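> After the structure tokens below, expect a handful of questions from me.
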Amino acid sequence: MYSLFRKEITSFFGSLTGYLVAFVFLVANGLFLWVFPGEFNLLENGYATLDSYFSLAPWIFLFLVPALTMRLFAEEKRLGTLEVLITRPLSLFQLVWAKYLAGLFLVVVCLLPTLIYFYSVYSLGNPAGNWDSGAAWGSFIGLFFLAALYVGMGMLASALTENQIFAFIAALFLSFFFYTGFDFIASMNIPAPFSSFFTGIGMNEHYLSVSRGVVDSRDVVYFITLTFIFLMLTSLFLQQKQKKRNVQLRKFLILLVAVLLVSVLSSRVFFRVDLTTEKRYSLSPVSKELIQKLEAPVKVDLFLAGELPPGFRKLQQAINEKVQDINAWSTYRVRCEIHDPYEITNADDRNKLFEYLVESGLQPTDLRLNRDEGTVTRLIFPGATIRYKNVEIGVNLLKNNPALPAEENLNNSVETLEFELIRALQLLMGQKRQEVAFLTGQGELNEAETYDIRRTLAESYKITNRFAHELIVGDTIPRALIIAGPSEPFSETAKFYIDQYLMRGGRILWLFDPVQVSLDSLSRGETTLAFPRDLKLMDQLFKYGIRVNPDLVQDVECLMIPVDTSPAGSPPKFTPAPWYYSPLLTPASSHVISRNLNRLKSEFVSSIDTVGKNAGVKKTVILHTSIYARIVRTPEEISLQSINNPPARDLFHRQQVPVGILLEGVFPSVFQNRMTKEFDPDISALAESRPAKMIVLADGSLIANQVSRREGKIQTRPLGYDNYSQQTFGNKEFLVNAVNYLCDDAGIMSLRSRVFKIRLLDKVKVREEKLFWQLLNVILPLVLIAVFGLIFNFIRIRKYRG
């Protein structure tokens, strides 16, 4: 067996044909990955990854492997030496196995010089070495499995004929069909079970998983069993005697049944090893538990396609991969289809699609493309629609924080993919909607002023209005309570109901102003007085472990407002000026509620302190000012004229003043050791709470959208929208996350804590050393093969001369 293996290797490297095949493979890889512009070019993509290599390699293998295997049996048949080989003291399967190992060895020899790509990407990382080596080596394992299966198919094709050209074409067709053909059949309008079946027996489905650095036992079983099937078929077709062929056929059928049993078993009992550094392709237990409750297939239509810059292509790939991860654990098929709206040539039909996507909740964004004819602007939808049981929901997958660079925004989008997709599936699965109540009765913001947040929350929750005495009805309480901008003092009775609601495990989102400012006076250009507003809440919040101070926070990082700077008697001339009383608040990057969010627009916000040493309550700052802030004590005169005489810059020395705090744990009752029957004799007062949560935000305007009346109709602006800058800040997303966190017991919000490191190429090094790295990766692999050939033939000649 070894002598036959050595004979094949010697035959391959003893002729120019073998080296020519290896050269063509390496040149094609080198040019596409390092020289030719396009989506496969590693230098243009800007990311320290070899994803392009592992995406391109299967297509080049379609030609390389048939070229290497076409002669293995076809030439033996043509020369008439196959009969001699069969008569040797080797079983037919040993003969096939020897030639298979020889073919696989030849493929590995062609692959080894491409390890130079690993060194190049490692060196070009910013900084050097900033790349995911685990993912790269795991992907290399996947490429080896793919090559092993291709070689098995090439063996079968070579055994069918003595014509090497026909063997090459047959192997090419067979490999191509298994790689893409079954996926094409599955994409046709056929029932879901058949679609899943054809996708499962296709090679692409299994290679996509393992080529990312994820070793799934089901994929390993697929490649190994299918390779053995092709090797058994090869030995069956080589069998010349009918009697032995029948024996071989029975063995093949037994093997086929065994393979089917192993496949069924592997689909039920499997494991996945994520070799990536951050385990980016591993799902959390929360996600797995939810996915396994699916009762029907899921279809994800992704509309991020077409001509995209590298960052968006990376996001597109990450979305598709995350859907594959979900599908790996689901009992029903979760399929992703990528659509390019611009493939619709009819402008009217395309606009109808755009309108449908907007109605589904997808937010478009402008994309500028640099072409030879100039800059072209296209509308793209970086999101997807997800359909489950004839119910559809739109999911926006791009996180766009104007304060962050594009690469960081795209990376943040990738980090939150699991959360966004799992959250959407949770909504689609039709679980009973939890109630989120807005408190009323103390002069809170009306429904028009909170319209946008109510509309957004209504997609996930049942939104109601409740008076304080309606918070506890028997054993039923709302899942969360929002206290939005009250302006009137709370009675002791109202405070009692709120306290006992919390004691029963309620969750509260407080948004109120401890300082009162007349906005009407300011809008008329008059001076107004900011003075403490006594809502009678301070003792209650103090008992819970927090103090909202009756002061105002000014911040250098604030909204700009138009100010008339023209001299008296001249036409008005408005120029932007900072309004320090409207800080742009920064969400804390350390918590799942607030990380990766845009800053929040605020107005007359106050500071918050934590008090007490209750070990049972965890306190976390989730919203704060910038590092250039100051605190103004009240009462204080406030006038727009202060813009012309701003405070001295050195007064803004307070850093990250807390204005929003999350409290979690077991809270003591404010009414502990008090007579409570006078408030409600039917309610048994609890002295200590069940595990509960609350969020306190010291600005009621954070939840208020702008309201205007035009022609007798009420019109509202999106929450967080600023008229002057025409920006929409992160108020709504922050508050939605806050409510989701308060209501979340399953732990889905924890998925927002995923952190992936940004791995970029060093742009300066790429620009200045581009030619060097191109020559290195195109020429050096060829040199290595040539040196190997010289050494191999030198040893061979020396051996036979001796």
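Each chain in the structure tokens gets a letter, A, B and so on, in the order shown; residues start at 1 in every chain, and ligands are counted from 1 in the order they appear.
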Give me the residues within 7 Å of stretch 492-509 of chain A as a list of chain:residue names, counting only C-alpha atoms and dropping any in the same chain fewer than 2 places off.

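The neighbour list is A:Ala468, A:His469, A:Leu471, A:Ile472, A:Arg479, A:Ala480, A:Leu481, A:Ile482, A:Ile483, A:Phe490, A:Leu511, A:Ser669, A:Val670, A:Phe679, A:Ala685, A:Leu686, A:Glu688, A:Ser689, A:Arg690, A:Pro691, A:Ala692, A:Lys693, A:Met694, A:Ile695, A:Val696, A:Leu742.
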
> Mind the document's chain letters and residue numbers, and return as a ChimeraX atom specification the residues of stretch 204-405 of chain A that DSSP labels helix (DSSP H, G or I).

/A:204-210,217-238,242-268,285-291,310-329,341-343,347-359

> Neighbouring residues of stretch 174-176 of chain A were defined as those with any atom within 9 Å, considering only C-alpha atoms; residues of the same chain fewer than 4 positions away were excluded. Please report them as a PDB file with N, CA, C and O atoms, in the first residue's frame.


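Contents of the output file result_38.pdb:
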ATOM      1  N   TRP A  59     -13.997  27.396  -4.749  1.00  0.00           N
ATOM      2  CA  TRP A  59     -14.197  27.561  -6.193  1.00  0.00           C
ATOM      3  C   TRP A  59     -12.941  27.211  -6.970  1.00  0.00           C
ATOM      4  O   TRP A  59     -13.001  26.617  -8.044  1.00  0.00           O
ATOM      5  N   LEU A  62     -12.511  23.496  -7.158  1.00  0.00           N
ATOM      6  CA  LEU A  62     -13.342  22.830  -8.170  1.00  0.00           C
ATOM      7  C   LEU A  62     -12.528  22.469  -9.407  1.00  0.00           C
ATOM      8  O   LEU A  62     -12.847  21.507 -10.121  1.00  0.00           O
ATOM      9  N   PRO A  66      -9.985  18.123  -9.371  1.00  0.00           N
ATOM     10  CA  PRO A  66     -10.162  17.256 -10.542  1.00  0.00           C
ATOM     11  C   PRO A  66      -8.909  17.126 -11.388  1.00  0.00           C
ATOM     12  O   PRO A  66      -8.638  16.058 -11.932  1.00  0.00           O
ATOM     13  N   LEU A 149     -13.180  15.636   0.642  1.00  0.00           N
ATOM     14  CA  LEU A 149     -14.382  15.193  -0.045  1.00  0.00           C
ATOM     15  C   LEU A 149     -14.250  15.381  -1.557  1.00  0.00           C
ATOM     16  O   LEU A 149     -14.666  14.515  -2.344  1.00  0.00           O
ATOM     17  N   TYR A 150     -13.664  16.494  -1.964  1.00  0.00           N
ATOM     18  CA  TYR A 150     -13.425  16.718  -3.393  1.00  0.00           C
ATOM     19  C   TYR A 150     -12.559  15.608  -3.991  1.00  0.00           C
ATOM     20  O   TYR A 150     -12.798  15.144  -5.111  1.00  0.00           O
ATOM     21  N   MET A 153     -14.590  12.519  -4.610  1.00  0.00           N
ATOM     22  CA  MET A 153     -15.399  12.643  -5.822  1.00  0.00           C
ATOM     23  C   MET A 153     -14.531  12.499  -7.065  1.00  0.00           C
ATOM     24  O   MET A 153     -14.939  11.874  -8.061  1.00  0.00           O
ATOM     25  N   GLY A 154     -13.334  13.067  -7.014  1.00  0.00           N
ATOM     26  CA  GLY A 154     -12.414  12.939  -8.147  1.00  0.00           C
ATOM     27  C   GLY A 154     -11.996  11.499  -8.378  1.00  0.00           C
ATOM     28  O   GLY A 154     -11.829  11.065  -9.525  1.00  0.00           O
ATOM     29  N   ALA A 157     -14.834   9.750 -10.234  1.00  0.00           N
ATOM     30  CA  ALA A 157     -14.874  10.165 -11.638  1.00  0.00           C
ATOM     31  C   ALA A 157     -13.753   9.513 -12.437  1.00  0.00           C
ATOM     32  O   ALA A 157     -13.944   9.094 -13.587  1.00  0.00           O
ATOM     33  N   ILE A 169     -13.835  16.497 -16.269  1.00  0.00           N
ATOM     34  CA  ILE A 169     -15.140  17.152 -16.400  1.00  0.00           C
ATOM     35  C   ILE A 169     -16.154  16.515 -15.452  1.00  0.00           C
ATOM     36  O   ILE A 169     -16.953  17.208 -14.809  1.00  0.00           O
ATOM     37  N   ALA A 170     -16.111  15.186 -15.350  1.00  0.00           N
ATOM     38  CA  ALA A 170     -17.052  14.489 -14.461  1.00  0.00           C
ATOM     39  C   ALA A 170     -16.815  14.880 -13.001  1.00  0.00           C
ATOM     40  O   ALA A 170     -17.767  15.125 -12.236  1.00  0.00           O
ATOM     41  N   THR A 180     -23.112  23.430  -4.870  1.00  0.00           N
ATOM     42  CA  THR A 180     -24.154  24.446  -5.069  1.00  0.00           C
ATOM     43  C   THR A 180     -25.478  23.879  -5.585  1.00  0.00           C
ATOM     44  O   THR A 180     -26.510  24.539  -5.455  1.00  0.00           O
ATOM     45  N   GLY A 181     -25.446  22.702  -6.189  1.00  0.00           N
ATOM     46  CA  GLY A 181     -26.648  22.181  -6.834  1.00  0.00           C
ATOM     47  C   GLY A 181     -27.784  21.928  -5.873  1.00  0.00           C
ATOM     48  O   GLY A 181     -28.944  22.296  -6.135  1.00  0.00           O
ATOM     49  N   MET A 203     -23.066  20.336   0.183  1.00  0.00           N
ATOM     50  CA  MET A 203     -21.770  20.545   0.815  1.00  0.00           C
ATOM     51  C   MET A 203     -21.619  21.955   1.387  1.00  0.00           C
ATOM     52  O   MET A 203     -20.973  22.166   2.412  1.00  0.00           O
TER      53      MET A 203
END

> Would you mind telling me which residue in A:Ser139, A:Gln715, A:Ser701, A:Thr345 lies nearest to A:Asp274 when using only C-alpha atoms?

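Of A:Ser139, A:Gln715, A:Ser701, A:Thr345, the one nearest A:Asp274, counting only C-alpha atoms, is A:Ser139.
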
> Write out as a list of chain:residue names the residues lying within 12 Å of A:Arg218, counting only C-alpha atoms and excluding same-chain residues fewer than 6 positions away.

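Non-adjacent residues within range: A:Gly200, A:Ile201, A:Glu205, A:His206, A:Tyr207, A:Ser209, A:Val210, A:Ile224, A:Thr225, A:Leu226, A:Val262, A:Ser263, A:Val264, A:Leu265, A:Ser266, A:Ser267, A:Arg268, A:Val269, A:Phe270, A:Phe271, A:Arg272, A:Val273, A:Ala328, A:Trp329.
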
> Can you list every residue in stretch 395-470 of chain A that DSSP puts in strand (DSSP E), as an mmCIF file with N, CA and C atoms, in the first residue's frame?


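Below you can see part-v9.cif, which holds the result:
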data_model
loop_
_atom_site.group_PDB
_atom_site.id
_atom_site.type_symbol
_atom_site.label_atom_id
_atom_site.label_comp_id
_atom_site.auth_asym_id
_atom_site.auth_seq_id
_atom_site.Cartn_x
_atom_site.Cartn_y
_atom_site.Cartn_z
ATOM 1 N N VAL A 395 -36.448 44.059 11.455
ATOM 2 C CA VAL A 395 -35.394 44.234 12.448
ATOM 3 C C VAL A 395 -34.282 45.076 11.842
ATOM 4 N N ASN A 396 -33.968 46.196 12.477
ATOM 5 C CA ASN A 396 -32.843 47.027 12.050
ATOM 6 C C ASN A 396 -31.576 46.506 12.706
ATOM 7 N N GLU A 435 -47.552 43.570 30.580
ATOM 8 C CA GLU A 435 -48.138 44.909 30.685
ATOM 9 C C GLU A 435 -47.097 45.906 31.178
ATOM 10 N N VAL A 436 -46.980 47.019 30.479
ATOM 11 C CA VAL A 436 -46.175 48.157 30.911
ATOM 12 C C VAL A 436 -47.131 49.322 31.113
ATOM 13 N N ALA A 437 -47.221 49.806 32.354
ATOM 14 C CA ALA A 437 -48.193 50.837 32.702
ATOM 15 C C ALA A 437 -47.504 52.191 32.851
ATOM 16 N N PHE A 438 -48.159 53.234 32.345
ATOM 17 C CA PHE A 438 -47.751 54.608 32.588
ATOM 18 C C PHE A 438 -48.581 55.143 33.752
ATOM 19 N N LEU A 439 -47.896 55.634 34.781
ATOM 20 C CA LEU A 439 -48.594 56.167 35.940
ATOM 21 C C LEU A 439 -49.257 57.493 35.577
ATOM 22 N N THR A 440 -50.439 57.717 36.113
ATOM 23 C CA THR A 440 -51.156 58.965 35.880
ATOM 24 C C THR A 440 -51.747 59.441 37.195
ATOM 25 N N LYS A 462 -48.036 45.278 26.230
ATOM 26 C CA LYS A 462 -49.373 45.836 26.353
ATOM 27 C C LYS A 462 -49.255 47.131 27.152
ATOM 28 N N ILE A 463 -49.559 48.262 26.519
ATOM 29 C CA ILE A 463 -49.378 49.559 27.150
ATOM 30 C C ILE A 463 -50.700 50.022 27.755
ATOM 31 N N THR A 464 -50.667 50.409 29.028
ATOM 32 C CA THR A 464 -51.867 50.878 29.726
ATOM 33 C C THR A 464 -51.537 52.147 30.521
ATOM 34 N N ASN A 465 -52.590 52.801 30.988
ATOM 35 C CA ASN A 465 -52.464 53.912 31.940
ATOM 36 C C ASN A 465 -53.088 53.457 33.256
ATOM 37 N N ARG A 466 -52.422 53.729 34.370
ATOM 38 C CA ARG A 466 -52.961 53.324 35.669
ATOM 39 C C ARG A 466 -52.739 54.427 36.695
ATOM 40 N N PHE A 467 -53.758 54.633 37.517
ATOM 41 C CA PHE A 467 -53.589 55.444 38.709
ATOM 42 C C PHE A 467 -52.850 54.613 39.757
#

> So how many Å separate atom CA of A:Gln324 and atom CA of A:Arg212, to one decimal?

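If I compute the distance from atom CA of A:Gln324 to atom CA of A:Arg212, I get 11.0 Å.
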